[in-house]
Amino acid sequence: MVGRSSSVMKPEYLELIENFRLMDDTFMSKCLENAPECIELMLRIIIGKKDLKVVKSQTEYPIKSLQGRGVRFDVFARDSKGREYDIEIQRADRGAEPKRARYNSALMDANALKSGEDFGKLRDTYVIFITETDVMDGGKEIYEIDRTIRQMREKKFGDGSHIVYVNGATRSKTEIGKLMHDLRCRHAAEMHFDILKKRVSQFKNSEEGRRVMCKAMEKIKAEGKRETMLATAKRLLANGKLMLKEIAECSGLSLAQVKKLQATMA
């Protein structure tokens, strides 16, 4: 058992861990997993509600669509008032496009009511994008987007749907600026907020935490390899020139796996 655990602690993984920040998906998912106090701190600062209390949270939270494309939220949370939050960490501008925010918001609503329930029971929802750069290009540290009624002097529509963009490049001395600094930090000792500092230090500076991160990266590597194998098999099946046994040999999948894949493509 010890040997197996030690084999995961590869030098290349340890080097990555040393340079990880909370703005990096793999590290963020593990740091915020089972850490509602960290998510609560982030939401209190971003939403501006100091009494906000997180009662449910999950990283890599999947939401399925019955007819279309499902999504996986980086972080899902619900507070004591029933408000729900989707927090997305986006290093690339393309991942924070407005229509993605719209889609995420729609999926949160799509699963909110049971058949026959009154629309008034819909919870307020927040889709929050924390971006590496100022994707709105407005020089602000935060952008709050709500539907408004143009013909009534931009009066708020009041549907309870909110979209928030947080500029991760801000260097301000405000609470949001300090939070963004901590999300960009590679060294726990340089962070402002003790809750985040303690959590980051646990995964960077303890052997147990580093082992957890190494296992997570090993899993991601294995999943990536499997995705490549599946993509190869799908391409060869679609081509239709090779026998199933030959496709199994070329892709690295078992014959049973290739047959199962073929059935899903029929």
# chains A, B, ... in the order shown; residues from 1 in each chain; ligands from 1

$ residues_around --residues "Ile163 (chain A)" --least-positions-apart "2" --cutoff "8 Å" --atoms "only C-alpha atoms" --output "PDB file with N, CA and C atoms, in the first residue's frame"
ATOM      1  N   ALA A 101     -23.002  31.856 -19.636  1.00  0.00           N
ATOM      2  CA  ALA A 101     -23.638  32.289 -18.384  1.00  0.00           C
ATOM      3  C   ALA A 101     -25.149  32.118 -18.481  1.00  0.00           C
ATOM      4  N   TYR A 126     -27.409  32.741  -8.861  1.00  0.00           N
ATOM      5  CA  TYR A 126     -26.255  33.557  -9.212  1.00  0.00           C
ATOM      6  C   TYR A 126     -25.274  32.711 -10.022  1.00  0.00           C
ATOM      7  N   VAL A 127     -24.969  33.145 -11.229  1.00  0.00           N
ATOM      8  CA  VAL A 127     -23.898  32.548 -12.017  1.00  0.00           C
ATOM      9  C   VAL A 127     -22.722  33.501 -11.928  1.00  0.00           C
ATOM     10  N   ILE A 128     -21.629  33.032 -11.353  1.00  0.00           N
ATOM     11  CA  ILE A 128     -20.474  33.894 -11.080  1.00  0.00           C
ATOM     12  C   ILE A 128     -19.268  33.399 -11.866  1.00  0.00           C
ATOM     13  N   GLU A 144     -22.018  43.362 -12.283  1.00  0.00           N
ATOM     14  CA  GLU A 144     -23.241  42.700 -11.864  1.00  0.00           C
ATOM     15  C   GLU A 144     -24.303  42.884 -12.951  1.00  0.00           C
ATOM     16  N   ILE A 145     -24.833  41.769 -13.447  1.00  0.00           N
ATOM     17  CA  ILE A 145     -25.751  41.809 -14.578  1.00  0.00           C
ATOM     18  C   ILE A 145     -27.108  41.275 -14.150  1.00  0.00           C
ATOM     19  N   ASP A 146     -28.139  42.129 -14.253  1.00  0.00           N
ATOM     20  CA  ASP A 146     -29.525  41.746 -13.990  1.00  0.00           C
ATOM     21  C   ASP A 146     -30.379  42.210 -15.162  1.00  0.00           C
ATOM     22  N   SER A 161     -32.786  36.220 -11.269  1.00  0.00           N
ATOM     23  CA  SER A 161     -31.639  35.648 -11.976  1.00  0.00           C
ATOM     24  C   SER A 161     -30.517  36.683 -12.041  1.00  0.00           C
ATOM     25  N   TYR A 165     -19.640  38.923 -13.058  1.00  0.00           N
ATOM     26  CA  TYR A 165     -18.282  38.710 -13.543  1.00  0.00           C
ATOM     27  C   TYR A 165     -17.318  39.400 -12.582  1.00  0.00           C
TER      28      TYR A 165
END

$ residues_around --residues "region 16-22 of chain A" --least-positions-apart "4" --cutoff "8 Å" --atoms "only C-alpha atoms" --output "list in words"
Glu12, Phe27, Met28, Cys31, Asp182, Leu183, Arg184, Cys185, Arg186, Lys204, Arg210 and Met213 of chain A

$ closest_residue --among "A:Leu122, A:Met191, A:Met217, A:Leu179" --to "Asp159 (chain A)" --atoms "only C-alpha atoms"
A:Leu122

$ closest_atom_pairs --of "region 157-243 of chain A" --to "region 43-67 of chain A" --cutoff "10 Å" --atoms "only C-alpha atoms" --output "CSV"
residue,atom,partner,partner_atom,distance
A:Val164,CA,A:Ile46,CA,8.5
A:Tyr165,CA,A:Ile46,CA,9.4
A:Val166,CA,A:Ile46,CA,7.8
A:Thr174,CA,A:Ile45,CA,9.7
A:Glu175,CA,A:Ile45,CA,6.4
A:Ile176,CA,A:Ile45,CA,6.2
A:Gly177,CA,A:Ile45,CA,9.9
A:Lys178,CA,A:Ile45,CA,9.8
A:Leu179,CA,A:Ile45,CA,7.9

$ write_last_selection --atoms "C-alpha atoms" --output "compact mmCIF listing (two decimals), in the first residue's frame"
# COMPACT_ATOMS: atom_id res chain seq x y z
CA VAL A 164 -21.70 38.33 -11.95
CA TYR A 165 -18.28 38.71 -13.54
CA VAL A 166 -15.31 39.23 -11.23
CA THR A 174 -10.69 46.27 -1.51
CA GLU A 175 -11.97 42.94 -0.19
CA ILE A 176 -12.51 41.76 -3.77
CA GLY A 177 -9.00 42.87 -4.71
CA LYS A 178 -7.56 40.94 -1.77
CA LEU A 179 -9.61 37.87 -2.69

$ select_by_dssp --residues "region 40-248 of chain A" --states "strand (DSSP E or B)" --output "count of residues only"
48

$ closest_residue --among "A:Ile149, A:Ala256, A:Lys121, A:Ala106" --to "Gly68 (chain A)" --atoms "only C-alpha atoms"
A:Ala106

$ atom_distance --atom1 "CA of Gly168 (chain A)" --atom2 "CA of Gly138 (chain A)"
12.9 Å

$ closest_residue --among "A:Arg171, A:His192, A:Lys114, A:Lys155" --to "Lys140 (chain A)" --atoms "only C-alpha atoms"
A:Arg171

$ residues_around --residues "Ser105 (chain A)" --least-positions-apart "2" --cutoff "12 Å" --atoms "only C-alpha atoms" --output "VMD selection string"
chain A and resid 63 71 73 76 84 to 87 98 to 103 107 to 112 123 to 129 146 159 to 164

$ write_last_selection --atoms "N, CA, C and O atoms" --output "short mmCIF file (atom, residue, chain, number, x, y, z; two decimals), in the first residue's frame"
data_model
loop_
_atom_site.label_atom_id
_atom_site.label_comp_id
_atom_site.auth_asym_id
_atom_site.auth_seq_id
_atom_site.Cartn_x
_atom_site.Cartn_y
_atom_site.Cartn_z
N ILE A 63 -24.90 18.92 -13.87
CA ILE A 63 -26.33 19.14 -14.08
C ILE A 63 -26.67 18.62 -15.47
O ILE A 63 -26.07 19.04 -16.46
N VAL A 71 -24.00 20.29 -18.15
CA VAL A 71 -22.84 21.08 -17.76
C VAL A 71 -22.28 20.54 -16.45
O VAL A 71 -22.95 19.78 -15.73
N PHE A 73 -20.63 22.33 -13.16
CA PHE A 73 -20.23 23.56 -12.49
C PHE A 73 -18.93 23.34 -11.72
O PHE A 73 -18.74 22.31 -11.08
N PHE A 76 -20.84 24.47 -6.94
CA PHE A 76 -22.26 24.74 -6.73
C PHE A 76 -22.47 24.95 -5.23
O PHE A 76 -21.90 24.21 -4.41
N GLU A 84 -29.11 29.96 -4.82
CA GLU A 84 -28.16 29.00 -5.36
C GLU A 84 -27.09 29.71 -6.20
O GLU A 84 -27.37 30.72 -6.86
N TYR A 85 -25.88 29.14 -6.17
CA TYR A 85 -24.73 29.78 -6.79
C TYR A 85 -23.95 28.79 -7.65
O TYR A 85 -23.68 27.66 -7.24
N ASP A 86 -23.59 29.24 -8.83
CA ASP A 86 -22.65 28.52 -9.70
C ASP A 86 -21.42 29.40 -9.81
O ASP A 86 -21.50 30.52 -10.31
N ILE A 87 -20.28 28.91 -9.33
CA ILE A 87 -19.02 29.67 -9.42
C ILE A 87 -18.13 29.01 -10.45
O ILE A 87 -17.82 27.82 -10.33
N PRO A 98 -20.86 35.31 -22.58
CA PRO A 98 -22.19 35.59 -22.02
C PRO A 98 -23.21 34.48 -22.23
O PRO A 98 -24.02 34.20 -21.34
N LYS A 99 -23.19 33.83 -23.39
CA LYS A 99 -24.20 32.80 -23.64
C LYS A 99 -23.97 31.56 -22.79
O LYS A 99 -24.89 30.80 -22.53
N ARG A 100 -22.74 31.36 -22.33
CA ARG A 100 -22.51 30.26 -21.40
C ARG A 100 -23.14 30.60 -20.04
O ARG A 100 -23.74 29.73 -19.40
N ALA A 101 -23.00 31.86 -19.64
CA ALA A 101 -23.64 32.29 -18.38
C ALA A 101 -25.15 32.12 -18.48
O ALA A 101 -25.80 31.66 -17.54
N ARG A 102 -25.71 32.49 -19.61
CA ARG A 102 -27.15 32.34 -19.84
C ARG A 102 -27.57 30.87 -19.74
O ARG A 102 -28.58 30.54 -19.12
N TYR A 103 -26.77 29.98 -20.35
CA TYR A 103 -27.11 28.55 -20.37
C TYR A 103 -27.03 27.95 -18.98
O TYR A 103 -27.91 27.19 -18.55
N LEU A 107 -30.13 26.19 -16.85
CA LEU A 107 -30.12 24.83 -16.32
C LEU A 107 -30.38 24.80 -14.81
O LEU A 107 -30.98 23.86 -14.29
N MET A 108 -29.93 25.82 -14.13
CA MET A 108 -30.22 25.90 -12.69
C MET A 108 -31.73 26.00 -12.48
O MET A 108 -32.29 25.36 -11.58
N ASP A 109 -32.40 26.78 -13.31
CA ASP A 109 -33.86 26.94 -13.20
C ASP A 109 -34.61 25.69 -13.65
O ASP A 109 -35.64 25.34 -13.09
N ALA A 110 -34.08 25.02 -14.68
CA ALA A 110 -34.78 23.89 -15.28
C ALA A 110 -35.01 22.76 -14.29
O ALA A 110 -35.96 21.98 -14.43
N ASN A 111 -34.16 22.66 -13.30
CA ASN A 111 -34.27 21.57 -12.32
C ASN A 111 -34.81 22.04 -10.97
O ASN A 111 -34.77 21.30 -10.00
N ALA A 112 -35.34 23.26 -10.92
CA ALA A 112 -35.68 23.85 -9.64
C ALA A 112 -37.09 23.54 -9.15
O ALA A 112 -37.34 23.51 -7.94
N ARG A 123 -35.96 29.71 -6.78
CA ARG A 123 -34.93 30.35 -5.96
C ARG A 123 -34.18 31.41 -6.75
O ARG A 123 -34.07 31.33 -7.97
N ASP A 124 -33.66 32.41 -6.07
CA ASP A 124 -32.73 33.34 -6.71
C ASP A 124 -31.47 32.56 -7.08
O ASP A 124 -31.01 31.72 -6.31
N THR A 125 -30.94 32.83 -8.27
CA THR A 125 -29.73 32.13 -8.71
C THR A 125 -28.64 33.13 -9.10
O THR A 125 -28.94 34.23 -9.59
N TYR A 126 -27.41 32.74 -8.86
CA TYR A 126 -26.25 33.56 -9.21
C TYR A 126 -25.27 32.71 -10.02
O TYR A 126 -24.82 31.66 -9.55
N VAL A 127 -24.97 33.15 -11.23
CA VAL A 127 -23.90 32.55 -12.02
C VAL A 127 -22.72 33.50 -11.93
O VAL A 127 -22.81 34.66 -12.36
N ILE A 128 -21.63 33.03 -11.35
CA ILE A 128 -20.47 33.89 -11.08
C ILE A 128 -19.27 33.40 -11.87
O ILE A 128 -18.84 32.25 -11.71
N PHE A 129 -18.73 34.26 -12.72
CA PHE A 129 -17.51 33.96 -13.45
C PHE A 129 -16.36 34.76 -12.82
O PHE A 129 -16.41 35.99 -12.77
N ASP A 146 -28.14 42.13 -14.25
CA ASP A 146 -29.53 41.75 -13.99
C ASP A 146 -30.38 42.21 -15.16
O ASP A 146 -30.06 43.20 -15.83
N ASP A 159 -36.55 39.12 -11.69
CA ASP A 159 -36.83 37.70 -11.88
C ASP A 159 -35.97 36.80 -10.99
O ASP A 159 -36.12 35.57 -10.99
N GLY A 160 -35.05 37.39 -10.25
CA GLY A 160 -34.22 36.61 -9.34
C GLY A 160 -33.01 35.94 -9.98
O GLY A 160 -32.30 35.19 -9.32
N SER A 161 -32.79 36.22 -11.27
CA SER A 161 -31.64 35.65 -11.98
C SER A 161 -30.52 36.68 -12.04
O SER A 161 -30.72 37.79 -12.51
N HIS A 162 -29.33 36.30 -11.57
CA HIS A 162 -28.21 37.24 -11.50
C HIS A 162 -26.96 36.61 -12.13
O HIS A 162 -26.69 35.43 -11.93
N ILE A 163 -26.22 37.43 -12.86
CA ILE A 163 -24.94 37.01 -13.43
C ILE A 163 -23.88 38.00 -12.95
O ILE A 163 -24.10 39.22 -12.98
N VAL A 164 -22.77 37.48 -12.49
CA VAL A 164 -21.70 38.33 -11.95
C VAL A 164 -20.37 37.93 -12.58
O VAL A 164 -20.04 36.75 -12.63
#

$ atom_distance --atom1 "CA of Arg94 (chain A)" --atom2 "CA of Arg199 (chain A)"
29.0 Å

$ select_by_dssp --residues "region 33-147 of chain A" --states "helix (DSSP H, G or I)" --output "PyMOL selection string"
chain A and resi 36-48+93-96+98-110+119-121

$ residues_around --residues "Glu37 (chain A)" --least-positions-apart "2" --cutoff "9 Å" --atoms "only C-alpha atoms" --output "PyMOL selection string"
chain A and resi 32+34-35+39-42+53-54+195-196

$ write_last_selection --atoms "N, CA, C and O atoms" --output "PDB file, in the first residue's frame"
ATOM      1  N   LEU A  32     -11.429  23.401  -2.588  1.00  0.00           N
ATOM      2  CA  LEU A  32     -12.784  23.810  -2.192  1.00  0.00           C
ATOM      3  C   LEU A  32     -13.708  22.621  -1.938  1.00  0.00           C
ATOM      4  O   LEU A  32     -14.828  22.806  -1.469  1.00  0.00           O
ATOM      5  N   ASN A  34     -15.391  19.874   0.034  1.00  0.00           N
ATOM      6  CA  ASN A  34     -15.655  19.724   1.471  1.00  0.00           C
ATOM      7  C   ASN A  34     -15.104  20.897   2.289  1.00  0.00           C
ATOM      8  O   ASN A  34     -14.642  20.722   3.422  1.00  0.00           O
ATOM      9  N   ALA A  35     -15.152  22.086   1.705  1.00  0.00           N
ATOM     10  CA  ALA A  35     -14.673  23.281   2.391  1.00  0.00           C
ATOM     11  C   ALA A  35     -15.687  24.417   2.253  1.00  0.00           C
ATOM     12  O   ALA A  35     -15.401  25.450   1.651  1.00  0.00           O
ATOM     13  N   ILE A  39     -15.856  28.595   0.466  1.00  0.00           N
ATOM     14  CA  ILE A  39     -16.846  29.053  -0.503  1.00  0.00           C
ATOM     15  C   ILE A  39     -17.697  30.164   0.099  1.00  0.00           C
ATOM     16  O   ILE A  39     -18.021  31.148  -0.568  1.00  0.00           O
ATOM     17  N   GLU A  40     -18.022  30.022   1.360  1.00  0.00           N
ATOM     18  CA  GLU A  40     -18.808  31.044   2.068  1.00  0.00           C
ATOM     19  C   GLU A  40     -18.065  32.376   2.083  1.00  0.00           C
ATOM     20  O   GLU A  40     -18.660  33.434   1.821  1.00  0.00           O
ATOM     21  N   LEU A  41     -16.778  32.341   2.376  1.00  0.00           N
ATOM     22  CA  LEU A  41     -15.971  33.563   2.367  1.00  0.00           C
ATOM     23  C   LEU A  41     -15.997  34.222   0.997  1.00  0.00           C
ATOM     24  O   LEU A  41     -16.225  35.442   0.875  1.00  0.00           O
ATOM     25  N   MET A  42     -15.787  33.444  -0.056  1.00  0.00           N
ATOM     26  CA  MET A  42     -15.773  33.986  -1.407  1.00  0.00           C
ATOM     27  C   MET A  42     -17.108  34.632  -1.762  1.00  0.00           C
ATOM     28  O   MET A  42     -17.161  35.739  -2.300  1.00  0.00           O
ATOM     29  N   LYS A  53     -24.715  32.438   4.656  1.00  0.00           N
ATOM     30  CA  LYS A  53     -24.297  31.175   5.255  1.00  0.00           C
ATOM     31  C   LYS A  53     -24.502  30.040   4.265  1.00  0.00           C
ATOM     32  O   LYS A  53     -25.625  29.752   3.847  1.00  0.00           O
ATOM     33  N   VAL A  54     -23.430  29.386   3.872  1.00  0.00           N
ATOM     34  CA  VAL A  54     -23.507  28.257   2.949  1.00  0.00           C
ATOM     35  C   VAL A  54     -23.953  27.012   3.696  1.00  0.00           C
ATOM     36  O   VAL A  54     -23.368  26.638   4.712  1.00  0.00           O
ATOM     37  N   ILE A 195      -8.617  31.701   6.199  1.00  0.00           N
ATOM     38  CA  ILE A 195      -9.364  30.489   5.835  1.00  0.00           C
ATOM     39  C   ILE A 195      -8.793  29.879   4.560  1.00  0.00           C
ATOM     40  O   ILE A 195      -8.581  28.665   4.471  1.00  0.00           O
ATOM     41  N   LEU A 196      -8.537  30.738   3.559  1.00  0.00           N
ATOM     42  CA  LEU A 196      -7.965  30.250   2.305  1.00  0.00           C
ATOM     43  C   LEU A 196      -6.500  29.856   2.492  1.00  0.00           C
ATOM     44  O   LEU A 196      -6.042  28.854   1.934  1.00  0.00           O
TER      45      LEU A 196
END

$ closest_residue --among "A:Thr26, A:Ser201, A:Thr264, A:Gln90" --to "Ala189 (chain A)" --atoms "only C-alpha atoms"
A:Ser201

$ residues_around --residues "region 233-236 of chain A" --least-positions-apart "5" --cutoff "12 Å" --atoms "only C-alpha atoms" --output "PyMOL selection string"
chain A and resi 226-228+241-255+257-266

$ closest_residue --among "A:Leu230, A:Leu113, A:Val135, A:Cys214" --to "Asp93 (chain A)" --atoms "only C-alpha atoms"
A:Val135
